[in-house]
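Containing compact mmCIF, C-alpha atoms and all ligand atoms: input-v1.txt.
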# COMPACT_ATOMS: atom_id res chain seq x y z
CA MET M 19 112.91 41.29 -35.25
CA ARG M 20 109.74 39.27 -35.85
CA ALA M 21 108.35 36.63 -33.48
CA LEU M 22 105.22 34.55 -33.00
CA VAL M 23 103.58 36.24 -30.03
CA TYR M 24 100.86 34.97 -27.68
CA ARG M 25 97.85 37.30 -27.62
CA GLY M 26 95.27 35.18 -25.79
CA HIS M 27 93.02 32.17 -26.26
CA ARG M 28 93.82 30.63 -29.68
CA ARG M 29 95.50 33.87 -30.75
CA ILE M 30 99.05 33.90 -32.06
CA GLU M 31 100.28 36.90 -34.07
CA VAL M 32 103.39 37.62 -36.11
CA GLU M 33 104.72 40.79 -34.48
CA ARG M 34 107.77 43.02 -34.25
CA VAL M 35 109.49 42.61 -30.88
CA PRO M 36 112.76 44.02 -29.46
CA ASP M 37 115.84 42.34 -30.97
CA ALA M 38 117.29 39.42 -29.01
CA GLU M 39 120.64 39.98 -27.30
CA THR M 40 123.51 37.87 -26.01
CA PRO M 41 122.29 36.96 -22.50
CA GLY M 42 125.35 37.46 -20.32
CA PRO M 43 128.99 36.36 -20.58
CA ASP M 44 128.22 32.61 -20.93
CA GLY M 45 125.46 33.09 -23.52
CA ALA M 46 125.15 33.15 -27.29
CA LEU M 47 122.97 35.03 -29.74
CA VAL M 48 121.58 32.68 -32.39
CA ARG M 49 119.83 33.72 -35.60
CA THR M 50 117.19 31.05 -36.16
CA THR M 51 116.87 29.18 -39.46
CA ARG M 52 114.00 26.82 -38.56
CA PHE M 53 111.67 26.32 -35.60
CA ALA M 54 108.80 23.99 -34.79
CA ILE M 55 105.52 24.06 -32.93
CA CYS M 56 105.37 21.58 -30.04
CA GLY M 57 102.32 19.91 -28.54
CA SER M 58 103.17 21.64 -25.26
CA ASP M 59 102.90 25.04 -27.03
CA LEU M 60 99.26 24.13 -27.58
CA HIS M 61 98.61 23.90 -23.81
CA GLY M 62 99.08 27.66 -23.60
CA TYR M 63 97.40 28.26 -26.96
CA HIS M 64 94.06 26.59 -26.28
CA GLY M 65 94.07 26.84 -22.49
CA PRO M 66 92.51 29.62 -20.43
CA VAL M 67 93.94 33.09 -21.16
CA ASN M 68 97.26 33.48 -19.38
CA GLU M 69 97.57 37.21 -18.66
CA GLU M 70 101.27 36.92 -17.77
CA ARG M 71 102.02 35.38 -21.14
CA ILE M 72 100.30 37.98 -23.29
CA GLY M 73 102.80 39.77 -25.51
CA ARG M 74 105.53 37.16 -25.08
CA ALA M 75 106.99 35.05 -27.87
CA MET M 76 106.22 31.31 -28.11
CA GLY M 77 108.21 28.16 -28.69
CA HIS M 78 111.22 26.20 -27.49
CA GLU M 79 112.38 24.17 -30.52
CA CYS M 80 114.81 25.88 -32.91
CA ILE M 81 118.05 25.64 -34.86
CA GLY M 82 120.13 28.45 -36.27
CA GLU M 83 123.49 30.13 -36.71
CA VAL M 84 125.54 31.68 -33.92
CA VAL M 85 125.82 35.45 -34.40
CA SER M 86 127.93 36.27 -31.33
CA VAL M 87 129.03 34.73 -28.04
CA GLY M 88 129.87 36.10 -24.59
CA PRO M 89 133.51 36.08 -23.37
CA GLU M 90 133.05 32.91 -21.25
CA VAL M 91 131.79 30.71 -24.11
CA ARG M 92 134.47 28.16 -25.00
CA ARG M 93 132.99 25.76 -27.51
CA PHE M 94 131.14 27.99 -29.99
CA ARG M 95 131.86 30.97 -32.20
CA ALA M 96 130.04 33.17 -34.71
CA GLY M 97 129.04 31.25 -37.82
CA ASP M 98 128.53 27.86 -36.12
CA ARG M 99 125.35 26.04 -37.21
CA VAL M 100 123.73 24.86 -34.00
CA LEU M 101 120.64 23.32 -32.49
CA VAL M 102 119.37 24.80 -29.23
CA SER M 103 118.29 22.54 -26.37
CA ALA M 104 114.69 23.26 -25.37
CA VAL M 105 115.79 22.73 -21.76
CA VAL M 106 118.60 24.86 -20.38
CA GLY M 107 120.43 24.68 -17.07
CA CYS M 108 123.12 26.82 -15.48
CA GLY M 109 125.87 24.92 -17.28
CA ARG M 110 128.02 24.87 -14.13
CA CYS M 111 126.54 22.49 -11.58
CA GLU M 112 126.92 18.73 -11.13
CA ALA M 113 123.61 17.99 -12.88
CA CYS M 114 124.52 20.09 -15.92
CA ALA M 115 127.97 18.48 -16.08
CA ALA M 116 126.22 15.09 -16.15
CA LEU M 117 124.07 16.38 -19.07
CA LEU M 118 120.97 16.21 -16.84
CA THR M 119 119.92 19.83 -17.35
CA ALA M 120 116.32 19.11 -16.31
CA ARG M 121 117.71 18.47 -12.83
CA CYS M 122 119.73 21.71 -12.61
CA PRO M 123 118.91 23.28 -9.23
CA ASN M 124 119.98 26.77 -10.35
CA ARG M 125 117.21 27.58 -12.79
CA GLU M 126 113.51 27.84 -12.12
CA GLY M 127 111.93 28.11 -15.56
CA ARG M 128 114.15 25.86 -17.63
CA VAL M 129 112.23 25.44 -20.88
CA LEU M 130 112.92 28.15 -23.47
CA GLY M 131 110.18 30.78 -23.44
CA ALA M 132 109.66 30.48 -19.66
CA PRO M 133 109.94 33.77 -17.72
CA GLY M 134 113.52 35.01 -18.00
CA LEU M 135 114.31 32.91 -21.06
CA ASP M 136 113.94 33.88 -24.72
CA ALA M 137 111.52 31.85 -26.85
CA ALA M 138 112.36 29.94 -30.02
CA GLN M 139 109.68 31.08 -32.47
CA ALA M 140 111.48 34.30 -33.37
CA GLU M 141 114.09 35.44 -35.87
CA ALA M 142 116.76 35.30 -33.15
CA ILE M 143 117.18 33.97 -29.62
CA GLY M 144 119.56 34.68 -26.76
CA VAL M 145 120.69 31.36 -25.28
CA PRO M 146 122.22 31.26 -21.77
CA ALA M 147 124.87 28.70 -20.76
CA ALA M 148 125.72 28.27 -24.45
CA ASP M 149 128.41 25.61 -23.92
CA SER M 150 125.78 23.41 -22.28
CA SER M 151 122.70 24.48 -24.27
CA LEU M 152 123.96 24.27 -27.86
CA LEU M 153 125.10 21.45 -30.09
CA ARG M 154 126.89 22.04 -33.39
CA ILE M 155 124.70 20.34 -36.01
CA PRO M 156 126.69 17.19 -36.77
CA GLU M 157 127.58 16.22 -40.31
CA GLY M 158 125.08 13.67 -41.58
CA VAL M 159 122.24 15.12 -39.50
CA SER M 160 119.73 17.13 -41.52
CA ASP M 161 118.28 20.44 -40.38
CA GLU M 162 114.88 18.82 -39.83
CA GLN M 163 116.43 16.06 -37.73
CA ALA M 164 118.35 18.73 -35.79
CA VAL M 165 115.09 20.52 -34.93
CA LEU M 166 113.76 17.25 -33.52
CA LEU M 167 116.92 16.80 -31.41
CA THR M 168 116.06 20.00 -29.51
CA ASP M 169 113.18 18.31 -27.71
CA ILE M 170 110.79 15.67 -29.01
CA LEU M 171 113.22 13.02 -30.26
CA PRO M 172 115.08 13.01 -26.90
CA THR M 173 111.69 13.12 -25.14
CA GLY M 174 110.31 10.09 -27.00
CA TYR M 175 113.61 8.29 -26.52
CA LYS M 176 113.58 9.07 -22.80
CA GLY M 177 110.16 7.45 -22.74
CA ALA M 178 111.30 4.30 -24.51
CA ARG M 179 114.56 4.08 -22.58
CA GLY M 180 112.87 4.77 -19.27
CA ALA M 181 110.35 1.98 -19.86
CA GLY M 182 113.28 -0.45 -19.60
CA ILE M 183 112.28 -2.32 -22.76
CA GLN M 184 113.78 -5.83 -22.83
CA PRO M 185 114.21 -7.86 -26.02
CA GLY M 186 110.97 -9.74 -26.59
CA GLY M 187 108.99 -7.56 -24.19
CA ALA M 188 105.57 -6.14 -25.04
CA VAL M 189 105.37 -2.35 -25.29
CA ALA M 190 102.46 0.10 -25.36
CA VAL M 191 102.83 3.74 -26.33
CA VAL M 192 99.86 5.83 -25.26
CA GLY M 193 99.48 8.81 -27.58
CA ALA M 194 100.69 8.70 -31.19
CA GLY M 195 101.22 12.43 -31.66
CA PRO M 196 104.70 13.80 -32.38
CA VAL M 197 106.28 12.63 -29.11
CA GLY M 198 104.47 9.28 -29.33
CA GLN M 199 105.83 8.79 -32.85
CA MET M 200 109.36 9.35 -31.49
CA ALA M 201 108.72 6.90 -28.64
CA ILE M 202 107.40 4.25 -31.03
CA GLU M 203 110.30 4.61 -33.45
CA THR M 204 112.94 4.44 -30.71
CA ALA M 205 111.12 1.62 -28.85
CA PHE M 206 111.94 -0.65 -31.79
CA LEU M 207 115.67 -0.07 -31.13
CA PHE M 208 115.33 -2.25 -28.02
CA GLY M 209 113.98 -5.37 -29.78
CA PRO M 210 110.46 -5.64 -28.35
CA SER M 211 108.12 -8.46 -29.40
CA ARG M 212 105.49 -5.90 -30.35
CA VAL M 213 104.57 -2.28 -29.85
CA PHE M 214 100.95 -1.20 -29.40
CA ALA M 215 100.17 2.38 -30.41
CA ILE M 216 97.10 3.90 -28.75
CA ASP M 217 95.47 7.07 -30.10
CA GLN M 218 92.15 8.43 -31.33
CA ALA M 219 93.35 9.82 -34.67
CA ALA M 220 93.33 7.27 -37.50
CA TYR M 221 96.00 9.06 -39.53
CA ARG M 222 98.41 9.10 -36.57
CA LEU M 223 97.79 5.40 -36.02
CA ALA M 224 98.43 4.77 -39.73
CA GLU M 225 101.83 6.44 -39.35
CA ALA M 226 102.56 4.30 -36.28
CA GLU M 227 101.56 1.20 -38.23
CA ARG M 228 104.05 2.10 -40.97
CA LEU M 229 106.75 1.83 -38.28
CA GLY M 230 105.52 -1.65 -37.36
CA ALA M 231 103.29 -0.81 -34.41
CA ILE M 232 99.91 -2.43 -33.76
CA PRO M 233 97.30 0.34 -33.87
CA ILE M 234 94.61 0.58 -31.18
CA ASP M 235 91.98 3.20 -32.00
CA ALA M 236 90.69 4.53 -28.69
CA SER M 237 87.81 6.27 -30.47
CA GLU M 238 86.45 2.84 -31.47
CA VAL M 239 87.45 0.40 -28.71
CA ASP M 240 88.29 0.51 -25.01
CA PRO M 241 92.09 0.62 -25.36
CA VAL M 242 92.77 -1.08 -22.03
CA GLU M 243 90.50 -4.02 -22.88
CA ALA M 244 91.95 -4.23 -26.38
CA VAL M 245 95.55 -4.47 -25.12
CA LEU M 246 94.63 -6.93 -22.36
CA ASP M 247 92.79 -9.07 -24.94
CA GLN M 248 95.84 -9.19 -27.18
CA THR M 249 98.29 -9.99 -24.35
CA GLY M 250 96.45 -12.89 -22.72
CA GLY M 251 95.15 -10.56 -20.00
CA ARG M 252 98.66 -9.61 -18.81
CA GLY M 253 99.11 -6.16 -20.37
CA CYS M 254 102.48 -4.73 -21.35
CA ALA M 255 105.64 -4.81 -19.24
CA HIS M 256 106.81 -1.54 -20.82
CA VAL M 257 104.49 1.43 -21.24
CA VAL M 258 105.28 4.93 -22.48
CA GLU M 259 102.80 7.70 -21.79
CA ALA M 260 103.39 10.31 -24.50
CA ALA M 261 100.42 12.65 -24.27
CA GLY M 262 99.94 14.04 -20.74
CA PRO M 263 96.20 14.40 -20.00
CA GLN M 264 94.51 12.53 -17.17
CA ALA M 265 92.67 10.21 -19.57
CA THR M 266 95.81 8.91 -21.27
CA VAL M 267 97.71 8.56 -18.00
CA ARG M 268 94.84 6.39 -16.79
CA ILE M 269 95.05 4.24 -19.92
CA ALA M 270 98.81 3.92 -19.44
CA PHE M 271 98.37 2.54 -15.91
CA GLY M 272 95.56 0.32 -17.17
CA VAL M 273 97.59 -1.45 -19.88
CA LEU M 274 100.65 -1.87 -17.64
CA ALA M 275 101.43 -5.45 -16.59
CA HIS M 276 102.15 -6.40 -12.98
CA GLY M 277 105.79 -5.65 -12.25
CA GLY M 278 105.99 -3.43 -15.31
CA THR M 279 107.52 -0.01 -15.89
CA LEU M 280 105.55 3.05 -16.89
CA SER M 281 107.59 5.90 -18.31
CA GLN M 282 105.64 9.13 -18.64
CA VAL M 283 107.07 11.85 -20.88
CA GLY M 284 103.78 13.48 -21.90
CA ALA M 285 103.79 17.00 -20.46
CA THR M 286 100.97 17.21 -17.98
CA ALA M 287 99.30 20.63 -18.02
CA ASP M 288 96.42 19.60 -15.77
CA PRO M 289 97.00 20.86 -12.21
CA GLU M 290 94.38 18.40 -10.95
CA MET M 291 96.09 15.34 -12.45
CA THR M 292 95.88 12.44 -10.04
CA VAL M 293 97.11 8.88 -9.85
CA ASN M 294 95.20 6.44 -7.67
CA LEU M 295 98.11 4.90 -5.78
CA MET M 296 95.81 2.41 -4.07
CA ALA M 297 94.74 1.05 -7.43
CA VAL M 298 98.30 0.74 -8.76
CA PHE M 299 99.97 -0.41 -5.54
CA GLY M 300 99.02 -4.02 -6.16
CA LYS M 301 100.79 -3.99 -9.53
CA ASP M 302 104.22 -3.58 -7.90
CA LEU M 303 105.15 -1.21 -10.69
CA THR M 304 107.87 1.30 -11.49
CA TYR M 305 106.70 4.79 -12.48
CA ARG M 306 109.06 7.27 -14.06
CA VAL M 307 107.89 10.78 -14.87
CA GLY M 308 109.64 14.00 -15.66
CA LEU M 309 111.09 16.57 -18.00
CA VAL M 310 113.67 15.54 -20.57
CA SER M 311 117.34 16.60 -20.57
CA PRO M 312 117.94 16.69 -24.34
CA GLN M 313 121.72 16.91 -23.82
CA PHE M 314 121.73 13.49 -22.19
CA ALA M 315 120.25 11.85 -25.28
CA TRP M 316 122.39 13.56 -27.94
CA PRO M 317 125.44 11.26 -27.69
CA GLU M 318 123.18 8.23 -28.20
CA LEU M 319 120.84 9.62 -30.84
CA VAL M 320 123.28 11.42 -33.14
CA PRO M 321 125.10 8.22 -34.26
CA LEU M 322 121.73 6.52 -34.92
CA LEU M 323 120.65 9.43 -37.13
CA ARG M 324 123.97 9.46 -38.99
CA GLU M 325 123.75 5.72 -39.61
CA GLY M 326 120.24 6.10 -41.02
CA LYS M 327 118.69 3.99 -38.24
CA LEU M 328 116.13 6.65 -37.35
CA HIS M 329 113.99 8.78 -39.66
CA PRO M 330 112.12 11.04 -37.25
CA GLU M 331 111.76 13.86 -39.82
CA ARG M 332 108.81 11.92 -41.27
CA VAL M 333 106.65 13.65 -38.60
CA PHE M 334 106.91 17.02 -40.36
CA THR M 335 103.67 17.03 -42.31
CA HIS M 336 103.54 20.82 -42.63
CA ARG M 337 106.37 23.18 -43.62
CA LEU M 338 105.25 26.80 -43.55
CA PRO M 339 106.81 30.27 -43.61
CA MET M 340 106.79 32.07 -40.26
CA SER M 341 104.15 34.46 -41.65
CA GLU M 342 101.76 31.50 -41.67
CA GLY M 343 102.65 30.52 -38.10
CA PRO M 344 99.18 31.45 -36.78
CA ARG M 345 97.64 29.06 -39.32
CA GLY M 346 100.18 26.40 -38.34
CA TYR M 347 98.97 26.67 -34.74
CA SER M 348 95.30 26.32 -35.65
CA VAL M 349 95.88 23.38 -38.02
CA PHE M 350 97.94 21.57 -35.35
CA ASP M 351 95.50 22.39 -32.56
CA GLU M 352 92.45 21.23 -34.51
CA ARG M 353 94.26 18.20 -35.94
CA ARG M 354 93.21 19.16 -39.45
CA ASP M 355 94.74 18.10 -42.68
CA GLY M 356 96.58 15.01 -41.36
CA VAL M 357 98.91 17.15 -39.26
CA ILE M 358 101.51 15.53 -37.04
CA LYS M 359 104.09 18.32 -36.65
CA VAL M 360 104.55 21.82 -38.07
CA LEU M 361 107.94 23.25 -39.11
CA LEU M 362 108.32 27.00 -39.65
CA ASP M 363 110.87 28.97 -41.66
CA PRO M 364 111.69 32.41 -40.21
CA ALA M 365 112.77 33.61 -43.66
CA GLY M 366 109.20 33.60 -44.97
ZN ZN A 401 108.66 20.73 -27.41
ZN ZN A 402 123.06 23.52 -13.62
Structure encoded using structure tokens:
Amino acid sequence: MRALVYRGHRRIEVERVPDAETPGPDGALVRTTRFAICGSDLHGYHGPVNEERIGRAMGHECIGEVVSVGPEVRRFRAGDRVLVSAVVGCGRCEACAALLTARCPNREGRVLGAPGLDAAQAEAIGVPAADSSLLRIPEGVSDEQAVLLTDILPTGYKGARGAGIQPGGAVAVVGAGPVGQMAIETAFLFGPSRVFAIDQAAYRLAEAERLGAIPIDASEVDPVEAVLDQTGGRGCAHVVEAAGPQATVRIAFGVLAHGGTLSQVGATADPEMTVNLMAVFGKDLTYRVGLVSPQFAWPELVPLLREGKLHPERVFTHRLPMSEGPRGYSVFDERRDGVIKVLLDPAG
């Protein structure tokens, strides 16, 4: 089968790799029909060369059709159209039963593509703990929406939900990339007075503004000063950090009001990331940070998609055949061409 394979710094190739297989009695083999490139794929792409990763397939966001299942799989069979959770657990423990797969103690690498787990940017993928890791694509949910349910829509929603947004409260979302766009869109579900969107890319801010957010261009103004100015010096009671780097985490703490809640869902790839606890101690704040459990969000997000209350698929600015995957990576990485998110079709 073909896959998008990591070959080093800014090098992704379309290559032939060994066919995926059903991974054990509780797993399923899924032939992919669409997959996406995630901002966290770029950490590996543009970061220092990761020798251990060379030759391995990329990606963790895909949908497809079940080809076969192991004998222990109860809820799925060949032919089912499914989306695959980017985060998989063991499917058996208390955390997995509570749909909190990110907290499963029985799996070390839990994001697809981690050592021991197949990656998503391939023609097929073996998915362990299928009953817990898959969701049949519900009627009324489009394929593009289903791809977003694998990771970034639940991630943005976790951010908004975790920020404890109260009706009438002021919200700031730091980072208006794909996850930030999801956080902004779902923040409005909670009835905030206003939502500030902070980013450095004008076209991303324009998209946030279309949703009703107030754009703050961090390439032109000091974003912390700008938000404090517009909130009478108080800042925002609800802040979502949706990017991950040290600089945006710092902005997120800076715009947070005293007594506020900061919900960080941006994947931090910086091993030196620090938070000055002395500086934030006086704010008496709540800080939530961690990996998403997509399964937990599905029961809440699916009805909203079916009722037409969310239109997250607007973030797909680029739809390319898999053969152009390497170009998709470079466009996304260099933020060319108004890119927000790239969708790939394994058929091409
Ligand atoms: Zn992702
Ligand atoms: Zn588990």
Selection within 6 Å of ligand ZN 401 (chain A) by only C-alpha atoms and all ligand atoms, output as a ChimeraX atom specification: /M:56,58,79,169-170
Could you build a table of the residues in chain M lying no more than 10 Å from ligand ZN 402 (chain A), giving for each the nearest pair of atoms and their separation in Å rounded to one decimal place, using only C-alpha atoms and all ligand atoms, ordered by chain and ascending residue number, as a Markdown table?
| residue | atom | partner | partner_atom | distance |
| --- | --- | --- | --- | --- |
| M:Val106 | CA | A:ZN402 | ZN | 8.2 |
| M:Gly107 | CA | A:ZN402 | ZN | 4.5 |
| M:Cys108 | CA | A:ZN402 | ZN | 3.8 |
| M:Gly109 | CA | A:ZN402 | ZN | 4.8 |
| M:Arg110 | CA | A:ZN402 | ZN | 5.2 |
| M:Cys111 | CA | A:ZN402 | ZN | 4.2 |
| M:Glu112 | CA | A:ZN402 | ZN | 6.6 |
| M:Ala113 | CA | A:ZN402 | ZN | 5.6 |
| M:Cys114 | CA | A:ZN402 | ZN | 4.4 |
| M:Ala115 | CA | A:ZN402 | ZN | 7.5 |
| M:Ala116 | CA | A:ZN402 | ZN | 9.4 |
| M:Leu117 | CA | A:ZN402 | ZN | 9.0 |
| M:Leu118 | CA | A:ZN402 | ZN | 8.3 |
| M:Thr119 | CA | A:ZN402 | ZN | 6.1 |
| M:Ala120 | CA | A:ZN402 | ZN | 8.5 |
| M:Arg121 | CA | A:ZN402 | ZN | 7.4 |
| M:Cys122 | CA | A:ZN402 | ZN | 3.9 |
| M:Pro123 | CA | A:ZN402 | ZN | 6.0 |
| M:Asn124 | CA | A:ZN402 | ZN | 5.5 |
| M:Arg125 | CA | A:ZN402 | ZN | 7.2 |
| M:Ala147 | CA | A:ZN402 | ZN | 9.0 |
| M:Ser150 | CA | A:ZN402 | ZN | 9.1 |
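In this model, the gap between CA of Ala275 in chain M and CA of Tyr175 in chain M comes to 20.9 Å.
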Go through range 112-175 of chain M and flag each residue having an atom no more than 7 Å from range 30-48 of chain M; for those, report the closest pair of atoms plus their distance in Å to one decimal, using all atoms listed in the file, ordered by chain and rising number, as a tab-separated table.
residue	atom	partner	partner_atom	distance
M:Ala142	CA	M:Val48	CA	5.5
M:Ile143	CA	M:Val48	CA	5.4
M:Gly144	CA	M:Leu47	CA	4.5
M:Val145	CA	M:Ala46	CA	5.2
M:Pro146	CA	M:Gly45	CA	4.1
M:Ala147	CA	M:Asp44	CA	5.2
M:Ala148	CA	M:Gly45	CA	4.9
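Closest to Glu342 in chain M among M:Glu157, M:Asp136, M:Asp363, M:Asp149 is M:Asp363, based on all atoms listed in the file.
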